[in-house]
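A.B. asks: File name entry29.cif; file contents mmCIF, C-alpha atoms; full text below.
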data_structure
loop_
_atom_site.label_atom_id
_atom_site.label_comp_id
_atom_site.auth_asym_id
_atom_site.auth_seq_id
_atom_site.Cartn_x
_atom_site.Cartn_y
_atom_site.Cartn_z
CA MET L 1168 0.59 18.48 22.81
CA HIS L 1169 1.66 18.58 19.18
CA ARG L 1170 -0.78 19.13 16.36
CA SER L 1171 -1.19 16.28 13.92
CA ALA L 1172 -1.31 16.13 10.13
CA ILE L 1173 -2.00 13.59 7.42
CA VAL L 1174 -0.34 13.97 4.03
CA VAL L 1175 -1.88 12.11 1.11
CA GLY L 1176 0.78 11.19 -1.42
CA ALA L 1177 4.46 10.27 -0.98
CA GLY L 1178 5.78 11.95 -4.10
CA ILE L 1179 8.21 14.83 -3.82
CA VAL L 1180 5.45 17.34 -2.99
CA GLY L 1181 4.10 15.08 -0.27
CA LEU L 1182 7.56 14.46 1.18
CA ALA L 1183 8.36 18.18 1.18
CA THR L 1184 5.05 18.94 2.90
CA ALA L 1185 5.63 16.21 5.47
CA ARG L 1186 9.12 17.48 6.23
CA ALA L 1187 7.92 21.08 6.60
CA LEU L 1188 5.19 19.99 9.02
CA ALA L 1189 7.48 17.74 11.04
CA ALA L 1190 10.05 20.53 11.31
CA ARG L 1191 7.27 22.58 12.90
CA LYS L 1192 6.72 19.80 15.50
CA TYR L 1193 3.64 18.23 13.90
CA ASP L 1194 2.99 14.52 14.28
CA VAL L 1195 2.81 13.46 10.64
CA LYS L 1196 1.45 10.44 8.78
CA VAL L 1197 1.93 10.02 5.02
CA ILE L 1198 -0.47 7.79 3.10
CA GLU L 1199 0.56 6.51 -0.34
CA ARG L 1200 -1.65 4.39 -2.60
CA THR L 1201 1.29 2.43 -4.05
CA ASP L 1202 4.18 0.66 -2.36
CA ARG L 1203 6.57 3.35 -3.66
CA ALA L 1204 6.35 6.62 -5.56
CA ILE L 1205 6.02 5.88 -9.28
CA GLY L 1206 4.56 9.05 -10.80
CA ALA L 1207 5.92 12.44 -11.80
CA SER L 1208 8.44 12.41 -8.93
CA ILE L 1209 10.64 9.93 -10.77
CA ARG L 1210 9.76 11.18 -14.27
CA ASN L 1211 11.56 14.49 -14.12
CA PHE L 1212 14.99 15.99 -14.58
CA GLY L 1213 15.98 16.19 -10.93
CA MET L 1214 16.95 19.82 -11.35
CA ILE L 1215 16.93 22.23 -8.40
CA TRP L 1216 16.10 25.36 -10.38
CA PRO L 1217 16.26 28.80 -8.69
CA ILE L 1218 16.85 30.49 -12.05
CA GLY L 1219 13.24 29.77 -13.01
CA GLN L 1220 11.75 31.98 -10.28
CA PRO L 1221 11.30 35.76 -10.41
CA ASP L 1222 12.74 38.07 -7.78
CA GLY L 1223 10.93 38.29 -4.48
CA LYS L 1224 9.26 35.64 -2.37
CA LEU L 1225 9.39 32.89 -5.02
CA TYR L 1226 13.11 33.30 -5.63
CA GLU L 1227 13.86 33.38 -1.90
CA ARG L 1228 11.79 30.23 -1.51
CA ALA L 1229 13.72 28.58 -4.35
CA LEU L 1230 17.04 29.38 -2.66
CA LEU L 1231 15.71 28.02 0.62
CA SER L 1232 14.58 24.87 -1.17
CA ALA L 1233 18.04 24.46 -2.69
CA ASN L 1234 19.63 24.72 0.76
CA ILE L 1235 17.22 22.12 2.15
CA TRP L 1236 18.11 19.81 -0.72
CA LYS L 1237 21.81 20.23 0.03
CA GLU L 1238 21.23 19.42 3.69
CA ILE L 1239 19.20 16.29 2.88
CA CYS L 1240 21.69 15.13 0.26
CA ARG L 1241 24.61 15.53 2.66
CA GLU L 1242 22.85 13.69 5.47
CA THR L 1243 21.58 10.84 3.29
CA LYS L 1244 24.57 10.72 0.91
CA ILE L 1245 22.20 11.14 -2.04
CA TRP L 1246 24.24 11.97 -5.11
CA HIS L 1247 24.02 15.65 -6.07
CA ASP L 1248 26.08 18.17 -7.98
CA LYS L 1249 25.86 21.95 -8.11
CA VAL L 1250 26.62 22.16 -11.82
CA GLY L 1251 24.75 25.37 -12.59
CA SER L 1252 22.80 25.94 -15.80
CA LEU L 1253 23.64 27.08 -19.31
CA HIS L 1254 21.01 28.65 -21.56
CA LEU L 1255 22.06 28.54 -25.19
CA ALA L 1256 21.06 31.02 -27.91
CA TYR L 1257 21.01 29.93 -31.53
CA ASN L 1258 19.17 32.89 -33.01
CA LYS L 1259 18.98 36.65 -32.55
CA TYR L 1260 15.72 36.54 -30.58
CA GLU L 1261 17.09 34.13 -27.98
CA TRP L 1262 20.33 36.10 -27.69
CA ASP L 1263 18.46 39.39 -27.21
CA VAL L 1264 16.48 37.84 -24.36
CA LEU L 1265 19.62 36.46 -22.68
CA CYS L 1266 21.33 39.85 -22.89
CA GLU L 1267 18.31 41.54 -21.33
CA LEU L 1268 18.07 38.93 -18.57
CA ALA L 1269 21.74 39.35 -17.72
CA GLU L 1270 21.06 43.06 -17.17
CA VAL L 1271 17.77 42.63 -15.28
CA TYR L 1272 19.26 40.00 -12.97
CA ARG L 1273 22.70 41.52 -12.60
CA HIS L 1274 22.44 41.02 -8.84
CA ARG L 1275 22.25 37.24 -9.42
CA GLN L 1276 25.68 37.36 -11.09
CA TYR L 1277 24.67 35.58 -14.29
CA GLN L 1278 27.40 35.47 -16.93
CA LEU L 1279 26.97 36.12 -20.67
CA LEU L 1280 29.35 33.82 -22.52
CA SER L 1281 30.74 33.70 -26.03
CA PRO L 1282 30.45 30.37 -27.88
CA ASP L 1283 34.08 29.54 -27.03
CA ALA L 1284 33.55 30.39 -23.35
CA ALA L 1285 30.35 28.34 -23.25
CA GLU L 1286 32.25 25.36 -24.62
CA GLN L 1287 34.60 25.57 -21.64
CA TYR L 1288 31.63 24.87 -19.36
CA SER L 1289 30.17 22.14 -21.58
CA PRO L 1290 32.33 20.59 -24.31
CA VAL L 1291 29.32 18.69 -25.72
CA ILE L 1292 27.33 21.73 -26.87
CA VAL L 1293 26.77 22.29 -30.57
CA LYS L 1294 28.74 25.41 -31.49
CA GLU L 1295 27.41 25.70 -35.04
CA SER L 1296 25.15 28.78 -35.20
CA LEU L 1297 25.61 29.36 -31.45
CA LEU L 1298 25.55 33.08 -30.68
CA GLY L 1299 26.28 32.78 -26.98
CA ALA L 1300 24.98 31.53 -23.65
CA LEU L 1301 23.87 32.64 -20.19
CA TYR L 1302 25.45 30.83 -17.24
CA SER L 1303 24.04 30.63 -13.70
CA GLN L 1304 25.89 28.93 -10.87
CA GLN L 1305 22.87 28.38 -8.58
CA GLU L 1306 21.33 25.24 -10.09
CA MET L 1307 21.88 21.72 -8.79
CA ILE L 1308 20.99 18.23 -10.03
CA VAL L 1309 20.01 15.09 -8.15
CA ASP L 1310 18.90 11.66 -9.32
CA PRO L 1311 15.12 11.72 -8.75
CA ARG L 1312 14.84 7.93 -8.58
CA GLU L 1313 17.46 7.70 -5.87
CA ALA L 1314 16.10 10.69 -3.96
CA ILE L 1315 12.48 9.51 -3.91
CA SER L 1316 13.53 6.08 -2.64
CA VAL L 1317 15.85 7.33 0.11
CA ILE L 1318 14.03 10.36 1.53
CA PRO L 1319 11.08 8.51 3.17
CA SER L 1320 13.42 6.47 5.40
CA TYR L 1321 15.36 9.63 6.21
CA LEU L 1322 12.19 11.48 7.24
CA GLN L 1323 11.02 8.54 9.30
CA GLU L 1324 14.32 8.30 11.15
CA LYS L 1325 14.95 12.03 11.67
CA TYR L 1326 11.43 13.30 12.31
CA GLY L 1327 9.44 10.22 13.26
CA ILE L 1328 7.12 10.56 10.26
CA GLU L 1329 4.97 7.48 9.79
CA PHE L 1330 4.44 6.13 6.27
CA LEU L 1331 1.46 4.00 5.30
CA TRP L 1332 2.24 2.37 1.95
CA GLY L 1333 -0.19 0.61 -0.37
CA LYS L 1334 -3.25 2.34 1.03
CA ALA L 1335 -5.56 4.38 -1.17
CA VAL L 1336 -7.50 7.19 0.48
CA THR L 1337 -11.17 6.80 -0.45
CA GLU L 1338 -12.71 9.74 1.40
CA ILE L 1339 -11.74 12.78 3.42
CA SER L 1340 -14.14 14.29 5.91
CA CYS L 1341 -11.99 16.36 8.24
CA PRO L 1342 -10.73 15.46 10.71
CA SER L 1343 -11.20 11.91 9.35
CA VAL L 1344 -9.36 10.28 6.47
CA PHE L 1345 -10.68 6.93 5.23
CA THR L 1346 -8.92 4.10 3.45
CA ALA L 1347 -10.53 0.80 2.45
CA ASP L 1348 -10.05 -0.70 5.92
CA GLU L 1349 -9.15 2.16 8.26
CA GLU L 1350 -10.21 5.54 9.56
CA LEU L 1351 -7.49 7.95 10.64
CA GLN L 1352 -7.82 11.40 12.15
CA ALA L 1353 -5.64 14.50 12.21
CA ASP L 1354 -5.91 18.20 12.89
CA GLU L 1355 -4.90 19.02 9.32
CA VAL L 1356 -5.00 17.10 6.02
CA TYR L 1357 -2.89 17.86 2.93
CA VAL L 1358 -3.65 16.24 -0.44
CA CYS L 1359 -0.37 16.19 -2.38
CA SER L 1360 -1.19 13.86 -5.24
CA GLY L 1361 -2.85 14.88 -8.47
CA ALA L 1362 -4.43 11.45 -8.90
CA ASP L 1363 -5.91 11.50 -5.39
CA PHE L 1364 -7.13 15.06 -5.75
CA GLU L 1365 -8.94 14.16 -8.95
CA THR L 1366 -10.73 11.18 -7.39
CA LEU L 1367 -11.42 12.69 -3.96
CA TYR L 1368 -12.80 15.98 -5.29
CA PRO L 1369 -14.06 15.22 -8.82
CA SER L 1370 -16.60 18.06 -9.09
CA PHE L 1371 -14.11 20.65 -7.86
CA TYR L 1372 -11.40 19.26 -10.12
CA SER L 1373 -13.61 19.30 -13.21
CA ASN L 1374 -14.27 23.02 -12.76
CA ILE L 1375 -10.57 23.90 -12.74
CA GLU L 1376 -9.09 24.94 -16.07
CA VAL L 1377 -6.33 22.35 -16.02
CA THR L 1378 -5.05 20.32 -18.95
CA LYS L 1379 -3.44 17.05 -17.89
CA CYS L 1380 -0.22 16.08 -19.60
CA LYS L 1381 2.37 13.35 -19.22
CA LEU L 1382 6.12 13.71 -19.29
CA GLN L 1383 8.00 10.72 -20.66
CA MET L 1384 11.71 10.61 -19.92
CA MET L 1385 14.38 9.23 -22.22
CA ARG L 1386 17.74 8.18 -20.81
CA MET L 1387 20.77 8.56 -23.01
CA ALA L 1388 23.33 5.80 -23.18
CA ALA L 1389 26.50 6.14 -21.11
CA GLN L 1390 29.08 8.24 -22.90
CA PRO L 1391 32.69 7.14 -23.60
CA ASN L 1392 35.24 7.81 -20.86
CA HIS L 1393 32.46 8.90 -18.49
CA GLU L 1394 32.12 12.15 -20.40
CA ARG L 1395 29.76 14.60 -18.70
CA ILE L 1396 27.47 17.25 -20.09
CA GLY L 1397 28.41 19.72 -17.35
CA PRO L 1398 25.74 22.32 -16.49
CA ALA L 1399 22.08 21.66 -17.16
CA LEU L 1400 21.65 22.69 -20.81
CA CYS L 1401 18.59 24.65 -21.88
CA GLY L 1402 17.46 25.73 -25.32
CA GLY L 1403 15.41 28.75 -26.23
CA LEU L 1404 12.04 27.18 -25.43
CA SER L 1405 12.94 27.36 -21.74
CA LEU L 1406 12.96 31.14 -22.01
CA VAL L 1407 9.21 31.26 -22.64
CA HIS L 1408 8.43 28.62 -20.02
CA TYR L 1409 9.81 29.86 -16.69
CA ARG L 1410 8.21 32.82 -14.96
CA SER L 1411 11.48 34.58 -14.18
CA PHE L 1412 12.29 35.07 -17.86
CA ALA L 1413 9.16 37.18 -18.33
CA ALA L 1414 11.24 40.02 -16.88
CA ALA L 1415 12.59 40.36 -20.42
CA ASP L 1416 10.64 41.28 -23.55
CA LEU L 1417 9.65 37.88 -24.98
CA SER L 1418 7.27 39.07 -27.70
CA SER L 1419 9.64 38.62 -30.67
CA LEU L 1420 10.87 35.26 -29.38
CA LYS L 1421 7.33 33.96 -28.89
CA GLU L 1422 6.39 35.06 -32.40
CA PHE L 1423 9.45 33.28 -33.76
CA PHE L 1424 8.56 30.05 -31.93
CA GLU L 1425 4.96 30.22 -33.09
CA ASN L 1426 6.10 30.45 -36.69
CA GLU L 1427 8.56 27.60 -36.16
CA LYS L 1428 5.91 25.47 -34.46
CA GLN L 1429 3.59 25.76 -37.42
CA ARG L 1430 6.41 24.82 -39.79
CA VAL L 1431 7.55 21.84 -37.67
CA GLU L 1432 4.01 20.51 -37.17
CA ILE L 1433 3.51 20.48 -40.92
CA ILE L 1434 6.64 18.36 -41.32
CA PHE L 1435 6.70 16.15 -38.20
CA GLY L 1436 3.48 16.63 -36.23
CA SER L 1437 3.41 18.13 -32.74
CA GLY L 1438 5.62 16.85 -29.94
CA SER L 1439 8.33 17.79 -27.46
CA PHE L 1440 11.48 15.97 -26.43
CA MET L 1441 13.79 16.39 -23.45
CA PHE L 1442 16.73 14.25 -22.40
CA TRP L 1443 18.38 13.06 -19.21
CA CYS L 1444 21.48 10.90 -19.13
CA TYR L 1445 23.85 9.54 -16.57
CA ASP L 1446 26.92 7.40 -16.86
CA ASP L 1447 26.28 3.70 -16.11
CA ARG L 1448 29.59 2.03 -15.35
CA ASP L 1449 28.12 -1.44 -15.80
CA GLY L 1450 27.40 -0.59 -19.41
CA ALA L 1451 23.78 -1.72 -19.25
CA LYS L 1452 21.67 -0.30 -22.05
CA ASN L 1453 18.77 0.05 -19.65
CA SER L 1454 20.43 2.28 -17.08
CA VAL L 1455 18.52 1.35 -13.95
CA ASN L 1456 21.40 1.28 -11.47
CA GLN L 1457 21.51 4.31 -9.20
CA PRO L 1458 24.57 6.61 -9.41
CA GLN L 1459 27.05 6.02 -6.60
CA ALA L 1460 29.60 8.73 -7.22
CA ASP L 1461 29.92 12.10 -8.88
CA ASP L 1462 31.60 10.85 -12.03
CA GLU L 1463 28.83 8.33 -12.67
CA PHE L 1464 26.37 11.05 -13.53
CA ALA L 1465 26.58 12.69 -16.92
CA GLY L 1466 24.00 15.41 -16.35
CA PHE L 1467 20.67 16.63 -17.51
CA THR L 1468 19.55 18.45 -20.61
CA ALA L 1469 16.32 20.35 -21.05
CA GLY L 1470 14.43 22.36 -23.57
CA LEU L 1471 16.27 21.05 -26.63
#
Render the structure in this file as structure tokens.

C.D. replies:
Amino acid sequence: MHRSAIVVGAGIVGLATARALAARKYDVKVIERTDRAIGASIRNFGMIWPIGQPDGKLYERALLSANIWKEICRETKIWHDKVGSLHLAYNKYEWDVLCELAEVYRHRQYQLLSPDAAEQYSPVIVKESLLGALYSQQEMIVDPREAISVIPSYLQEKYGIEFLWGKAVTEISCPSVFTADEELQADEVYVCSGADFETLYPSFYSNIEVTKCKLQMMRMAAQPNHERIGPALCGGLSLVHYRSFAAADLSSLKEFFENEKQRVEIIFGSGSFMFWCYDDRDGAKNSVNQPQADDEFAGFTAGL
């Protein structure tokens, strides 16, 4: 007899957890408070990002995750593209870090590029003041809106996972999970939604040193002639964000950014901006149609 599991939340974390359990022969139910995922799972760049993980277990897990994504995308015909990533250096501190990372991660076959060589990968980059770039071929992009809408049906069909939509979990007392009108039971329960975790375990949540933030996405208009960005483009701020880049000496770069932050906040106030664009053939200013082919997607940019 198979063990059973309930997953609370049908965002990308919940779907990944449900798939992993079902692949291990669990009988899985997924409970989602809304009729579709509407949170962080559709407000992100859709980047499959091995480069962000340090060597060891986390990097191996990232590569495994990328392979799972490729398998799911092939089987569901979800649009995806292994475009790689391009980290751009516009000052000495960023360039020093990229050079050190290329040496530290030589086994990953990263490439240090001149400005002219970087332009061959992405003709839309700004070459003025560009010192060079670091290219990785491992990264892949998907459309998060398309993926999050297609994957539940795929999991239901392939693994028999049952989805309960529009039901908010009000209490968990293992092995029981309660909604407003139903009690369900399972051997294991996984809470995969930040909102549900905060309401189901308020005292525990309040004691965790977590600062909530919200990521708002901006879509760029379709570019002429279906022009594409190419690799995922990352500015220097990405170098102090991802754990893998701590393998380099970041002290001078962090000091530079801190000085720049103080200067920018004086002028503009604090804030961060990232961009995602894809090519909408219908020409709609509000690009809500899902990409149907490779050349419809212009790419993602991050850390600008």

A.B. asks: So how many Å separate CA of Leu1188 (chain L) and CA of Ile1239 (chain L), to one decimal?

C.D. replies: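 Separation of CA of Leu1188 (chain L) and CA of Ile1239 (chain L): 15.7 Å.
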
A.B. asks: Could you tell me, as an MDAnalysis selection string, exactly which residues end up selected when the PyMOL selection byres ((chain L and resi 1353) around 8) is applied to this structure?

C.D. replies: chainID L and resid 1170:1173 1341:1343 1351:1352 1354:1356

A.B. asks: Using the chain letters and numbers from the file, which residues does the PyMOL selection byres ((chain L and resi 1317-1327) around 7) grab, as a PyMOL selection string?

C.D. replies: chain L and resi 1186+1189+1243+1313-1316+1328-1329

A.B. asks: How many Å lie between CA of Phe1423 (chain L) and CA of Tyr1257 (chain L), rounded to one decimal?

C.D. replies: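 These two atoms are separated by 12.2 Å.
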
A.B. asks: For the structure provided, state which residues fall under the PyMOL selection byres ((chain L and resi 1217-1231) around 10), and present them as a ChimeraX atom specification.

C.D. replies: /L:1214-1216,1232-1237,1251-1252,1272,1275,1277,1303-1307,1405-1406,1408-1414

A.B. asks: Ranking L:Lys1249, L:His1254, L:His1393, L:Arg1200 by minimum distance to Val1174 (chain L) and counting all atoms listed in the file, which one comes first?

C.D. replies: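 The answer is L:Arg1200, which sits nearest to Val1174 (chain L).
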
A.B. asks: The residues within 10 Å of (-5.4, 13.0, 1.8), using only C-alpha atoms and the coordinates of the file, should be reported as a list in words; which are they?

C.D. replies: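 Residues close enough to count: Ala1172, Ile1173, Val1174, Val1175, Gly1176, Gly1181, Val1197, Ile1198, Glu1199, Ala1335, Val1336, Thr1337, Glu1338, Ile1339, Ser1340, Cys1341, Ser1343, Val1344, Phe1345, Thr1346, Glu1355, Val1356, Tyr1357, Val1358, Cys1359, Ser1360, Asp1363, Phe1364 and Leu1367 of chain L.
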
A.B. asks: Quick one: region 1222-1330 of chain L with C-alpha atoms, as a PDB file, in the first residue's frame?

C.D. replies:
ATOM      1  CA  ASP L1222      29.589  23.538  -6.099  1.00  0.00           C
ATOM      2  CA  GLY L1223      28.417  20.437  -4.291  1.00  0.00           C
ATOM      3  CA  LYS L1224      24.946  19.216  -3.447  1.00  0.00           C
ATOM      4  CA  LEU L1225      23.151  22.460  -4.353  1.00  0.00           C
ATOM      5  CA  TYR L1226      24.715  22.652  -7.805  1.00  0.00           C
ATOM      6  CA  GLU L1227      24.000  18.986  -8.501  1.00  0.00           C
ATOM      7  CA  ARG L1228      20.412  19.569  -7.415  1.00  0.00           C
ATOM      8  CA  ALA L1229      20.175  22.580  -9.742  1.00  0.00           C
ATOM      9  CA  LEU L1230      21.379  20.494 -12.691  1.00  0.00           C
ATOM     10  CA  LEU L1231      18.877  17.779 -11.803  1.00  0.00           C
ATOM     11  CA  SER L1232      16.134  20.395 -11.614  1.00  0.00           C
ATOM     12  CA  ALA L1233      17.112  21.705 -15.050  1.00  0.00           C
ATOM     13  CA  ASN L1234      16.868  18.186 -16.494  1.00  0.00           C
ATOM     14  CA  ILE L1235      13.435  17.697 -14.926  1.00  0.00           C
ATOM     15  CA  TRP L1236      12.307  20.984 -16.436  1.00  0.00           C
ATOM     16  CA  LYS L1237      13.513  19.870 -19.872  1.00  0.00           C
ATOM     17  CA  GLU L1238      11.629  16.599 -19.537  1.00  0.00           C
ATOM     18  CA  ILE L1239       8.400  18.328 -18.488  1.00  0.00           C
ATOM     19  CA  CYS L1240       8.714  20.963 -21.201  1.00  0.00           C
ATOM     20  CA  ARG L1241       9.240  18.321 -23.887  1.00  0.00           C
ATOM     21  CA  GLU L1242       6.303  16.214 -22.722  1.00  0.00           C
ATOM     22  CA  THR L1243       3.908  19.148 -22.324  1.00  0.00           C
ATOM     23  CA  LYS L1244       5.251  21.241 -25.220  1.00  0.00           C
ATOM     24  CA  ILE L1245       5.781  24.156 -22.833  1.00  0.00           C
ATOM     25  CA  TRP L1246       7.923  26.751 -24.558  1.00  0.00           C
ATOM     26  CA  HIS L1247      11.517  26.750 -23.299  1.00  0.00           C
ATOM     27  CA  ASP L1248      14.921  27.789 -24.554  1.00  0.00           C
ATOM     28  CA  LYS L1249      18.391  26.959 -23.262  1.00  0.00           C
ATOM     29  CA  VAL L1250      19.784  30.423 -23.941  1.00  0.00           C
ATOM     30  CA  GLY L1251      22.442  30.490 -21.229  1.00  0.00           C
ATOM     31  CA  SER L1252      23.287  33.588 -19.208  1.00  0.00           C
ATOM     32  CA  LEU L1253      25.505  36.615 -19.690  1.00  0.00           C
ATOM     33  CA  HIS L1254      26.835  38.583 -16.718  1.00  0.00           C
ATOM     34  CA  LEU L1255      27.991  42.037 -17.765  1.00  0.00           C
ATOM     35  CA  ALA L1256      30.739  44.091 -16.099  1.00  0.00           C
ATOM     36  CA  TYR L1257      30.680  47.873 -16.373  1.00  0.00           C
ATOM     37  CA  ASN L1258      33.307  48.679 -13.761  1.00  0.00           C
ATOM     38  CA  LYS L1259      36.602  47.286 -12.509  1.00  0.00           C
ATOM     39  CA  TYR L1260      35.085  45.668  -9.408  1.00  0.00           C
ATOM     40  CA  GLU L1261      32.535  43.676 -11.410  1.00  0.00           C
ATOM     41  CA  TRP L1262      35.170  42.638 -13.948  1.00  0.00           C
ATOM     42  CA  ASP L1263      37.571  41.482 -11.226  1.00  0.00           C
ATOM     43  CA  VAL L1264      34.830  39.289  -9.761  1.00  0.00           C
ATOM     44  CA  LEU L1265      33.968  37.780 -13.166  1.00  0.00           C
ATOM     45  CA  CYS L1266      37.624  36.977 -13.833  1.00  0.00           C
ATOM     46  CA  GLU L1267      37.944  35.279 -10.461  1.00  0.00           C
ATOM     47  CA  LEU L1268      34.727  33.306 -10.969  1.00  0.00           C
ATOM     48  CA  ALA L1269      35.902  32.091 -14.370  1.00  0.00           C
ATOM     49  CA  GLU L1270      38.991  30.672 -12.659  1.00  0.00           C
ATOM     50  CA  VAL L1271      37.191  29.213  -9.624  1.00  0.00           C
ATOM     51  CA  TYR L1272      34.551  27.544 -11.797  1.00  0.00           C
ATOM     52  CA  ARG L1273      36.803  26.535 -14.665  1.00  0.00           C
ATOM     53  CA  HIS L1274      35.264  23.051 -14.555  1.00  0.00           C
ATOM     54  CA  ARG L1275      31.870  24.592 -15.449  1.00  0.00           C
ATOM     55  CA  GLN L1276      33.370  25.914 -18.705  1.00  0.00           C
ATOM     56  CA  TYR L1277      32.306  29.526 -18.247  1.00  0.00           C
ATOM     57  CA  GLN L1278      33.655  31.893 -20.894  1.00  0.00           C
ATOM     58  CA  LEU L1279      35.142  35.359 -20.306  1.00  0.00           C
ATOM     59  CA  LEU L1280      34.164  37.549 -23.242  1.00  0.00           C
ATOM     60  CA  SER L1281      35.369  40.856 -24.613  1.00  0.00           C
ATOM     61  CA  PRO L1282      32.701  43.510 -25.286  1.00  0.00           C
ATOM     62  CA  ASP L1283      32.708  42.623 -29.000  1.00  0.00           C
ATOM     63  CA  ALA L1284      32.368  38.899 -28.251  1.00  0.00           C
ATOM     64  CA  ALA L1285      29.559  39.571 -25.763  1.00  0.00           C
ATOM     65  CA  GLU L1286      27.705  41.507 -28.440  1.00  0.00           C
ATOM     66  CA  GLN L1287      27.742  38.405 -30.630  1.00  0.00           C
ATOM     67  CA  TYR L1288      25.675  36.610 -27.975  1.00  0.00           C
ATOM     68  CA  SER L1289      23.338  39.561 -27.354  1.00  0.00           C
ATOM     69  CA  PRO L1290      23.227  42.422 -29.871  1.00  0.00           C
ATOM     70  CA  VAL L1291      21.031  44.504 -27.533  1.00  0.00           C
ATOM     71  CA  ILE L1292      23.598  44.981 -24.761  1.00  0.00           C
ATOM     72  CA  VAL L1293      24.952  48.453 -24.063  1.00  0.00           C
ATOM     73  CA  LYS L1294      28.617  48.392 -25.060  1.00  0.00           C
ATOM     74  CA  GLU L1295      29.466  51.836 -23.714  1.00  0.00           C
ATOM     75  CA  SER L1296      31.737  51.377 -20.666  1.00  0.00           C
ATOM     76  CA  LEU L1297      31.394  47.580 -20.935  1.00  0.00           C
ATOM     77  CA  LEU L1298      34.617  45.894 -19.823  1.00  0.00           C
ATOM     78  CA  GLY L1299      33.546  42.347 -20.603  1.00  0.00           C
ATOM     79  CA  ALA L1300      31.145  39.556 -19.713  1.00  0.00           C
ATOM     80  CA  LEU L1301      30.944  36.030 -18.322  1.00  0.00           C
ATOM     81  CA  TYR L1302      28.914  33.524 -20.356  1.00  0.00           C
ATOM     82  CA  SER L1303      27.405  30.273 -19.052  1.00  0.00           C
ATOM     83  CA  GLN L1304      25.584  27.837 -21.308  1.00  0.00           C
ATOM     84  CA  GLN L1305      23.635  26.004 -18.571  1.00  0.00           C
ATOM     85  CA  GLU L1306      20.715  28.381 -17.989  1.00  0.00           C
ATOM     86  CA  MET L1307      17.264  27.987 -19.520  1.00  0.00           C
ATOM     87  CA  ILE L1308      14.130  30.135 -19.660  1.00  0.00           C
ATOM     88  CA  VAL L1309      10.451  29.203 -19.613  1.00  0.00           C
ATOM     89  CA  ASP L1310       7.295  31.297 -19.533  1.00  0.00           C
ATOM     90  CA  PRO L1311       6.160  31.019 -15.888  1.00  0.00           C
ATOM     91  CA  ARG L1312       2.537  31.844 -16.697  1.00  0.00           C
ATOM     92  CA  GLU L1313       2.316  29.094 -19.273  1.00  0.00           C
ATOM     93  CA  ALA L1314       4.197  26.597 -17.114  1.00  0.00           C
ATOM     94  CA  ILE L1315       2.107  27.119 -13.986  1.00  0.00           C
ATOM     95  CA  SER L1316      -1.121  26.698 -15.965  1.00  0.00           C
ATOM     96  CA  VAL L1317      -0.061  23.548 -17.829  1.00  0.00           C
ATOM     97  CA  ILE L1318       1.864  21.545 -15.221  1.00  0.00           C
ATOM     98  CA  PRO L1319      -1.096  20.661 -12.914  1.00  0.00           C
ATOM     99  CA  SER L1320      -2.930  18.853 -15.742  1.00  0.00           C
ATOM    100  CA  TYR L1321       0.303  17.118 -16.703  1.00  0.00           C
ATOM    101  CA  LEU L1322       0.869  15.896 -13.129  1.00  0.00           C
ATOM    102  CA  GLN L1323      -2.719  14.751 -12.844  1.00  0.00           C
ATOM    103  CA  GLU L1324      -2.525  12.781 -16.079  1.00  0.00           C
ATOM    104  CA  LYS L1325       0.949  11.273 -15.621  1.00  0.00           C
ATOM    105  CA  TYR L1326       0.992  10.609 -11.875  1.00  0.00           C
ATOM    106  CA  GLY L1327      -2.659  10.631 -10.853  1.00  0.00           C
ATOM    107  CA  ILE L1328      -2.176  13.609  -8.532  1.00  0.00           C
ATOM    108  CA  GLU L1329      -5.495  15.018  -7.347  1.00  0.00           C
ATOM    109  CA  PHE L1330      -5.946  18.796  -7.235  1.00  0.00           C
TER     110      PHE L1330
END
